[in-house]
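Chemist: One file is attached below, upload.txt, containing compact mmCIF, C-alpha atoms.
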```
# COMPACT_ATOMS: atom_id res chain seq x y z
CA ASP A 1 -22.43 11.86 -44.20
CA SER A 2 -21.42 10.39 -40.84
CA PHE A 3 -24.80 10.25 -39.08
CA GLU A 4 -28.28 8.85 -39.69
CA ILE A 5 -31.62 8.88 -37.88
CA SER A 6 -33.09 5.54 -36.91
CA GLY A 7 -36.60 5.98 -35.56
CA SER A 8 -36.14 8.75 -33.00
CA THR A 9 -32.41 8.12 -32.50
CA LEU A 10 -29.50 9.99 -34.06
CA LYS A 11 -26.58 7.63 -34.47
CA LEU A 12 -23.35 7.12 -36.37
CA LYS A 13 -23.61 5.16 -39.56
CA SER A 14 -22.35 1.59 -39.25
CA SER A 15 -19.43 2.41 -41.56
CA VAL A 16 -18.21 5.27 -39.30
CA SER A 17 -16.22 5.00 -36.09
CA ALA A 18 -15.69 8.12 -33.94
CA ASP A 19 -12.00 8.63 -33.08
CA TYR A 20 -10.89 11.70 -31.12
CA GLU A 21 -7.39 11.64 -32.62
CA THR A 22 -8.88 11.72 -36.14
CA LYS A 23 -11.81 14.11 -35.60
CA SER A 24 -12.61 15.70 -32.24
CA SER A 25 -16.00 17.17 -33.16
CA TYR A 26 -18.79 17.00 -35.74
CA SER A 27 -21.09 19.78 -37.00
CA ILE A 28 -24.52 18.57 -38.13
CA THR A 29 -27.83 20.09 -39.17
CA ILE A 30 -31.11 18.35 -38.33
CA THR A 31 -34.21 19.25 -40.32
CA VAL A 32 -37.73 18.21 -39.36
CA THR A 33 -40.85 18.41 -41.54
CA ASP A 34 -44.43 18.38 -40.27
CA SER A 35 -47.50 16.95 -42.01
CA ASP A 36 -48.16 20.27 -43.76
CA GLY A 37 -44.70 20.32 -45.29
CA ASN A 38 -43.33 23.00 -42.97
CA THR A 39 -39.67 22.56 -42.07
CA PHE A 40 -37.43 23.59 -39.21
CA SER A 41 -33.65 23.19 -39.10
CA LYS A 42 -31.16 23.48 -36.26
CA ASP A 43 -27.37 23.17 -36.17
CA PHE A 44 -25.62 21.05 -33.56
CA SER A 45 -21.98 20.54 -32.59
CA LEU A 46 -21.13 17.10 -31.24
CA ASN A 47 -17.87 16.63 -29.33
CA VAL A 48 -16.04 13.30 -29.31
CA THR A 49 -14.82 12.21 -25.89
CA ASN A 50 -11.10 11.46 -25.74
CA LEU A 51 -10.89 8.08 -24.02
CA SER A 52 -7.69 7.02 -22.29
CA GLU A 53 -5.80 4.42 -24.30
CA PRO A 54 -2.91 2.84 -22.36
CA GLU A 55 0.41 2.63 -24.19
CA THR A 56 3.76 0.90 -23.65
CA ILE A 57 6.77 3.09 -24.43
CA THR A 58 10.36 1.81 -24.56
CA GLY A 59 13.72 3.43 -25.16
CA THR A 60 17.27 3.97 -23.90
CA VAL A 61 18.91 6.93 -22.14
CA VAL A 62 22.48 7.58 -23.26
CA ASP A 63 25.50 9.71 -22.39
CA GLY A 64 27.21 6.44 -21.94
CA TYR A 65 24.37 4.11 -20.98
CA VAL A 66 22.62 5.85 -18.07
CA SER A 67 21.52 3.61 -15.21
CA GLY A 68 19.00 4.64 -12.56
CA SER A 69 17.54 7.57 -14.50
CA THR A 70 13.93 8.49 -13.79
CA VAL A 71 12.13 8.62 -17.15
CA LYS A 72 8.72 10.22 -17.61
CA VAL A 73 6.28 10.60 -20.48
CA LEU A 74 4.33 13.89 -20.57
CA ASP A 75 1.41 15.10 -22.63
CA ALA A 76 1.26 18.47 -24.41
CA ASN A 77 0.16 20.18 -21.18
CA GLY A 78 2.99 18.69 -19.13
CA ASN A 79 0.80 16.15 -17.37
CA LEU A 80 2.54 12.96 -16.25
CA LEU A 81 1.27 9.84 -18.01
CA GLY A 82 3.80 7.30 -16.78
CA THR A 83 7.27 6.81 -15.32
CA ALA A 84 10.02 4.20 -15.14
CA THR A 85 13.66 3.79 -14.08
CA THR A 86 16.44 2.78 -16.47
CA ASP A 87 18.37 -0.45 -16.02
CA SER A 88 22.15 -0.91 -16.26
CA LEU A 89 21.99 -0.55 -20.06
CA GLY A 90 19.94 2.64 -19.92
CA ARG A 91 16.76 0.88 -21.02
CA TYR A 92 13.28 1.79 -19.81
CA THR A 93 9.73 0.55 -20.30
CA ILE A 94 6.90 2.93 -19.40
CA GLU A 95 3.33 1.72 -19.06
CA ALA A 96 1.63 5.02 -19.87
CA SER A 97 -1.95 5.60 -18.76
CA ASP A 98 -2.74 7.32 -22.07
CA SER A 99 -1.39 7.38 -25.61
CA ASN A 100 -1.45 11.19 -25.84
CA GLY A 101 2.11 11.61 -24.63
CA VAL A 102 4.36 13.85 -26.72
CA LYS A 103 7.59 14.15 -24.73
CA ILE A 104 10.05 11.91 -22.87
CA VAL A 105 12.05 13.42 -20.00
CA ALA A 106 14.98 11.71 -18.23
CA GLU A 107 16.38 13.00 -14.95
CA GLY A 108 19.36 11.84 -12.94
CA GLY A 109 21.09 8.48 -13.11
CA VAL A 110 24.69 7.43 -13.52
CA ASP A 111 26.74 7.15 -16.71
CA THR A 112 27.85 3.52 -16.50
CA SER A 113 30.91 4.18 -18.67
CA THR A 114 32.36 6.87 -16.36
CA GLY A 115 30.55 6.44 -13.04
CA GLU A 116 29.55 10.12 -13.13
CA THR A 117 26.12 11.34 -12.02
CA ILE A 118 24.00 12.91 -14.75
CA THR A 119 22.99 16.37 -13.48
CA ILE A 120 21.16 17.69 -16.54
CA THR A 121 17.65 16.88 -17.75
CA LEU A 122 17.53 15.07 -21.09
CA SER A 123 14.48 14.97 -23.33
CA ALA A 124 13.16 13.63 -26.62
CA THR A 125 9.94 13.51 -28.57
CA LYS A 126 7.85 10.40 -27.93
CA GLY A 127 8.83 7.76 -30.43
CA SER A 128 12.56 8.35 -30.12
CA SER A 129 14.43 5.13 -29.42
CA TYR A 130 17.23 7.01 -27.62
CA VAL A 131 17.19 9.97 -25.24
CA SER A 132 20.41 11.97 -25.41
CA ALA A 133 21.88 15.47 -25.54
CA LEU A 134 21.22 15.35 -29.29
CA THR A 135 17.50 14.66 -28.90
CA THR A 136 17.32 17.25 -26.11
CA ILE A 137 18.62 20.01 -28.36
CA ILE A 138 16.31 19.03 -31.22
CA GLU A 139 13.26 18.65 -28.96
CA LYS A 140 13.86 22.17 -27.60
CA ALA A 141 14.42 23.60 -31.10
CA GLY A 142 10.76 23.28 -32.08
CA ASP A 143 10.11 24.82 -35.50
CA ASP A 144 13.87 25.35 -35.98
CA ALA A 145 14.65 21.64 -35.54
CA ASP A 146 15.65 21.02 -39.16
CA THR A 147 18.08 23.96 -39.18
CA VAL A 148 19.59 23.03 -35.83
CA LEU A 149 19.93 19.39 -36.88
CA ALA A 150 21.77 20.41 -40.06
CA ASN A 151 24.16 22.66 -38.11
CA LEU A 152 25.03 19.88 -35.66
CA GLY A 153 26.80 18.19 -38.58
CA LEU A 154 25.64 14.65 -37.92
CA PRO A 155 26.33 11.95 -40.54
CA ALA A 156 23.75 11.64 -43.31
CA ASP A 157 22.96 8.05 -42.31
CA PHE A 158 22.31 8.92 -38.66
CA ASP A 159 18.58 8.81 -37.86
CA LEU A 160 17.93 10.83 -34.71
CA ALA A 161 14.76 8.86 -33.93
CA THR A 162 16.24 5.37 -34.21
CA SER A 163 20.07 5.50 -34.27
CA ASN A 164 22.20 4.91 -31.16
CA PRO A 165 24.70 7.78 -30.70
CA LEU A 166 27.08 5.37 -28.96
CA GLU A 167 27.35 3.27 -32.11
CA ASN A 168 28.24 6.14 -34.45
CA VAL A 169 31.60 7.87 -33.98
CA GLU A 170 30.57 11.28 -35.35
CA ALA A 171 27.30 11.30 -33.42
CA GLN A 172 29.11 10.26 -30.24
CA LYS A 173 31.55 13.17 -30.58
CA VAL A 174 28.74 15.69 -31.05
CA ASN A 175 26.68 14.21 -28.21
CA ALA A 176 29.66 14.25 -25.82
CA SER A 177 30.48 17.86 -26.72
CA LEU A 178 26.91 18.98 -26.07
CA ILE A 179 26.77 17.13 -22.74
CA ASN A 180 30.01 18.82 -21.64
CA ILE A 181 28.83 22.32 -22.55
CA ILE A 182 25.44 21.86 -20.90
CA ALA A 183 26.74 20.19 -17.73
CA VAL A 184 29.70 22.51 -17.13
CA GLY A 185 27.63 25.57 -18.04
CA GLU A 186 24.93 24.48 -15.60
CA THR A 187 27.49 24.06 -12.81
CA LEU A 188 28.96 27.50 -13.50
CA LEU A 189 25.56 29.20 -13.38
CA GLU A 190 24.43 27.41 -10.24
CA ASN A 191 27.72 28.07 -8.45
CA ALA A 192 27.15 31.75 -9.30
CA GLY A 193 23.84 31.64 -7.42
CA LEU A 194 21.22 30.39 -9.84
CA THR A 195 18.55 28.09 -8.36
CA ASP A 196 19.52 24.45 -8.67
CA GLY A 197 18.07 22.75 -11.74
CA ALA A 198 17.55 25.85 -13.85
CA GLY A 199 21.04 26.21 -15.33
CA ASP A 200 20.81 23.43 -17.89
CA GLU A 201 17.60 24.86 -19.35
CA LEU A 202 19.21 28.26 -19.92
CA ILE A 203 22.34 26.78 -21.51
CA ILE A 204 20.26 24.50 -23.77
CA ALA A 205 18.10 27.43 -24.89
CA GLU A 206 21.15 29.46 -25.90
CA LEU A 207 22.75 26.49 -27.64
CA VAL A 208 19.59 26.15 -29.71
CA THR A 209 19.67 29.87 -30.52
CA LEU A 210 23.31 29.61 -31.62
CA LEU A 211 22.65 26.52 -33.74
CA THR A 212 19.86 28.22 -35.67
CA THR A 213 22.49 30.42 -37.34
CA SER A 214 25.85 28.68 -36.92
CA SER A 215 27.47 25.25 -37.04
CA ASP A 216 30.24 26.39 -34.68
CA PHE A 217 29.32 25.43 -31.13
CA ASN A 218 32.68 24.06 -29.97
CA SER A 219 35.03 27.04 -30.24
CA THR A 220 35.96 29.15 -27.22
CA THR A 221 34.12 32.12 -28.74
CA ALA A 222 30.94 30.12 -29.39
CA ILE A 223 30.86 28.53 -25.95
CA LYS A 224 31.47 31.87 -24.24
CA SER A 225 28.62 33.45 -26.22
CA VAL A 226 26.28 30.68 -25.03
CA ILE A 227 27.30 31.06 -21.38
CA ASP A 228 27.17 34.87 -21.38
CA ALA A 229 23.78 34.96 -23.15
CA SER A 230 22.34 32.43 -20.70
CA VAL A 231 22.69 34.91 -17.81
CA SER A 232 21.85 38.11 -19.68
CA THR A 233 18.46 38.47 -17.97
CA LEU A 234 19.53 37.29 -14.52
CA ASP A 235 20.55 39.17 -11.40
CA THR A 236 23.58 41.45 -11.87
CA ALA A 237 25.52 39.63 -9.15
CA ILE A 238 25.12 36.33 -11.01
CA GLN A 239 26.10 37.95 -14.31
CA THR A 240 29.27 39.34 -12.73
CA LYS A 241 30.31 36.02 -11.20
CA VAL A 242 29.73 34.18 -14.48
CA SER A 243 31.52 36.87 -16.50
CA ASN A 244 34.60 36.59 -14.29
CA LEU A 245 34.92 32.89 -15.10
CA SER A 246 33.35 32.43 -18.54
CA ASP A 247 36.59 33.07 -20.48
CA ASP A 248 38.50 30.34 -18.64
CA VAL A 249 35.56 27.91 -18.59
CA SER A 250 34.88 28.37 -22.31
CA SER A 251 38.53 27.86 -23.19
CA SER A 252 38.73 24.72 -21.06
CA LEU A 253 35.57 23.30 -22.63
CA ALA A 254 36.83 23.98 -26.13
CA ILE A 255 40.07 22.16 -25.30
CA LEU A 256 38.20 19.25 -23.69
CA ASN A 257 35.90 18.83 -26.66
CA LYS A 258 38.87 18.93 -29.04
CA GLU A 259 40.54 16.21 -26.98
CA ILE A 260 37.38 14.10 -27.31
CA GLU A 261 37.46 14.57 -31.08
CA ASN A 262 41.14 13.61 -31.23
CA TYR A 263 40.51 10.57 -29.05
CA TRP A 264 37.86 9.27 -31.42
CA LEU A 265 40.06 9.97 -34.43
CA ASP A 266 42.83 7.91 -32.82
CA MET A 267 40.37 5.07 -32.12
CA CYS A 268 39.18 5.15 -35.71
CA ARG A 269 42.73 4.91 -37.02
CA MET A 270 43.51 2.06 -34.63
CA TRP A 271 40.49 0.03 -35.72
CA ASN A 272 40.41 1.23 -39.34
CA ILE A 273 36.98 2.78 -38.90
CA PRO A 274 36.05 5.58 -41.35
CA SER A 275 35.78 8.92 -39.50
```
For the file at hand, write its structure as structure tokens.
Modeler:
Amino acid sequence: DSFEISGSTLKLKSSVSADYETKSSYSITITVTDSDGNTFSKDFSLNVTNLSEPETITGTVVDGYVSGSTVKVLDANGNLLGTATTDSLGRYTIEASDSNGVKIVAEGGVDTSTGETITITLSATKGSSYVSALTTIIEKAGDDADTVLANLGLPADFDLATSNPLENVEAQKVNASLINIIAVGETLLENAGLTDGAGDELIIAELVTLLTTSSDFNSTTAIKSVIDASVSTLDTAIQTKVSNLSDDVSSSLAILNKEIENYWLDMCRMWNIPS
């Protein structure tokens, strides 16, 4: 139905436009008939070439607003399609070479609200307006994203793709708690001997695993389970060093995250904001 023969040329019908994103190949059968009425048919497969279509991608990286972060857009195979650096309000604009990007990755930068360097890698699916610890967890969750999102306990009116975590008290508390667990866990693992840059990935993976079955990720027990599980397949020496400190680190993180929650509750009471 998509093709026709004009003279000796096979071509698309005028009403059809080939689009790789819609249909990447066509299967057709061509039949010829000679003057005696004999016929011959042959099947063909026609592949549609995927042309590069430049795309502009914008968004904001947040812990607080993260300045100086290197932001990249990657395709499904991890190929780099474009990069940019965030401004003082965490904003970026990427001129991507192709529209086939699926993932945004943000590395480094400084939290402008605290002056602290961001040591963990944040990510989000392309199309997210904000890149945060929240989007990182959900992006890594894959098929379990809906379950993990429900167990994070975010407000019903918070849209992960478009809402700013810094403008929603409950989302800000959850985002800050996740950042603390990931960053401190990463530091613990790397101080125990893990190669720099790998610790955050292991902690994030175990947080996702925990959140597929539980909404408790802030208690001492939950945090310790994440840290201990993150080193379960590593060198015994690293496991021992982490085990010796995980009780104290988990307890301190649980206390810190509770203090963050109490701080926001106090702010809500002061400004009569529903919490």
Chemist: Quick one: residues within 7 Å of Ala161 in chain A, all atoms listed in the file, excluding same-chain residues fewer than 4 positions away - as a list in words?
Modeler: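 The residues that qualify are Gly127, Ser128 and Ser129 of chain A.
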Chemist: Rounded to one decimal place, report the CA of Ile203 in chain A-CA of Ser230 in chain A distance in Å.
Modeler: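 If I compute the distance from CA of Ile203 in chain A to CA of Ser230 in chain A, I get 5.7 Å.
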Chemist: Under the rule that all atoms listed in the file are counted, which of A:Glu259, A:Glu170, A:Asp235, A:Asp159 is the nearest residue to Thr195 in chain A?
Modeler: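 The shortest atom-to-atom distance to Thr195 in chain A comes from A:Asp235.
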Chemist: In file coordinates, which residues lie within 12 Å of (28.7, 24.2, -15.8) using all atoms listed in the file, given as JSON, numbers by chain?
Modeler: {"A": [119, 120, 178, 179, 180, 181, 182, 183, 184, 185, 186, 187, 188, 189, 190, 191, 192, 194, 196, 197, 198, 199, 200, 201, 202, 203, 204, 223, 224, 226, 227, 230, 242, 245, 246, 248, 249, 250, 252, 253]}
Chemist: I'd like the interatomic distance between CA of Asp1 in chain A and CA of Ser99 in chain A, to a tenth of an Å.
Modeler: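 Between these atoms lies a distance of 28.4 Å.
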Chemist: Need the shell around range 103-114 of chain A: protein/DNA/RNA residues with any atom at most 6 Å away, counting all atoms listed in the file. Skip same-chain ones fewer than 5 positions apart. Format as an mmCIF file with C-alpha atoms, in the coordinates of the input?
Modeler:
```cif
data_model
loop_
_atom_site.group_PDB
_atom_site.id
_atom_site.type_symbol
_atom_site.label_atom_id
_atom_site.label_comp_id
_atom_site.auth_asym_id
_atom_site.auth_seq_id
_atom_site.Cartn_x
_atom_site.Cartn_y
_atom_site.Cartn_z
ATOM 1 C CA GLY A 64 27.210 6.440 -21.940
ATOM 2 C CA TYR A 65 24.370 4.110 -20.980
ATOM 3 C CA VAL A 66 22.620 5.850 -18.070
ATOM 4 C CA SER A 67 21.520 3.610 -15.210
ATOM 5 C CA GLY A 68 19.000 4.640 -12.560
ATOM 6 C CA SER A 69 17.540 7.570 -14.500
ATOM 7 C CA THR A 70 13.930 8.490 -13.790
ATOM 8 C CA VAL A 71 12.130 8.620 -17.150
ATOM 9 C CA LYS A 72 8.720 10.220 -17.610
ATOM 10 C CA VAL A 73 6.280 10.600 -20.480
ATOM 11 C CA LEU A 74 4.330 13.890 -20.570
ATOM 12 C CA THR A 119 22.990 16.370 -13.480
ATOM 13 C CA THR A 121 17.650 16.880 -17.750
ATOM 14 C CA LEU A 122 17.530 15.070 -21.090
ATOM 15 C CA SER A 123 14.480 14.970 -23.330
ATOM 16 C CA ALA A 124 13.160 13.630 -26.620
ATOM 17 C CA THR A 125 9.940 13.510 -28.570
ATOM 18 C CA LYS A 126 7.850 10.400 -27.930
#
```
Chemist: Within 12 Å of Lys258 in chain A, counting all atoms listed in the file, which residues show up once you throw out same-chain ones fewer than 2 positions away? Write them as an MDAnalysis selection string, please.
Modeler: chainID A and resid 173:174 176:177 180 217:220 251:256 260:265
Chemist: Report the distance between CA of Ala141 in chain A and CA of Val208 in chain A in Å, rounded to one decimal place.
Modeler: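 Result for CA of Ala141 in chain A versus CA of Val208 in chain A: 5.9 Å, one decimal.
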Chemist: Out of A:Ser27, A:Ser215, A:Asn100, A:Asn175, which residue has the shortest atom-to-atom distance to Ser52 in chain A when counting only C-alpha atoms?
Modeler: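 Of A:Ser27, A:Ser215, A:Asn100, A:Asn175, the one nearest Ser52 in chain A, counting only C-alpha atoms, is A:Asn100.
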Chemist: Under the rule that only C-alpha atoms are counted, which of A:Ser243, A:Thr39, A:Asp144, A:Phe3 is the nearest residue to Ser15 in chain A?
Modeler: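 So, comparing all the options, the nearest one is A:Phe3.
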Chemist: Out of A:Leu210, A:Val102, A:Ala156, A:Leu81, which residue has the shortest atom-to-atom distance to Glu139 in chain A when counting only C-alpha atoms?
Modeler: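 Nearest to Glu139 in chain A: A:Val102.
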Chemist: Which residues, written as a ChimeraX atom specification, have at least one atom at most 9 Å from Thr58 in chain A, with all atoms listed in the file counted and residues fewer than 2 positions away on the same chain left out?
Modeler: /A:56,60,91-95,127-129
Chemist: Taking (-16.9, 11.4, -26.4) in the file's own coordinates, collect the residues within 12 Å, counting all atoms listed in the file, and hand them back as a list in words.
Modeler: Ser17, Ala18, Asp19, Tyr20, Glu21, Lys23, Ser24, Ser25, Tyr26, Leu46, Asn47, Val48, Thr49, Asn50, Leu51 and Ser52 of chain A
Chemist: Calculated over only C-alpha atoms, which of the candidates A:Gly7, A:Gly142, A:Pro54, A:Gly153 has the smallest distance to Ser97 in chain A?
Modeler: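 Among the listed residues, the smallest separation from Ser97 in chain A belongs to A:Pro54.
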Chemist: Quick one: of A:Thr136, A:Gln172, A:Thr213, A:Asn244, who's nearest to Asn151 in chain A, counting all atoms listed in the file?
Modeler: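 Closest candidate: A:Thr213.
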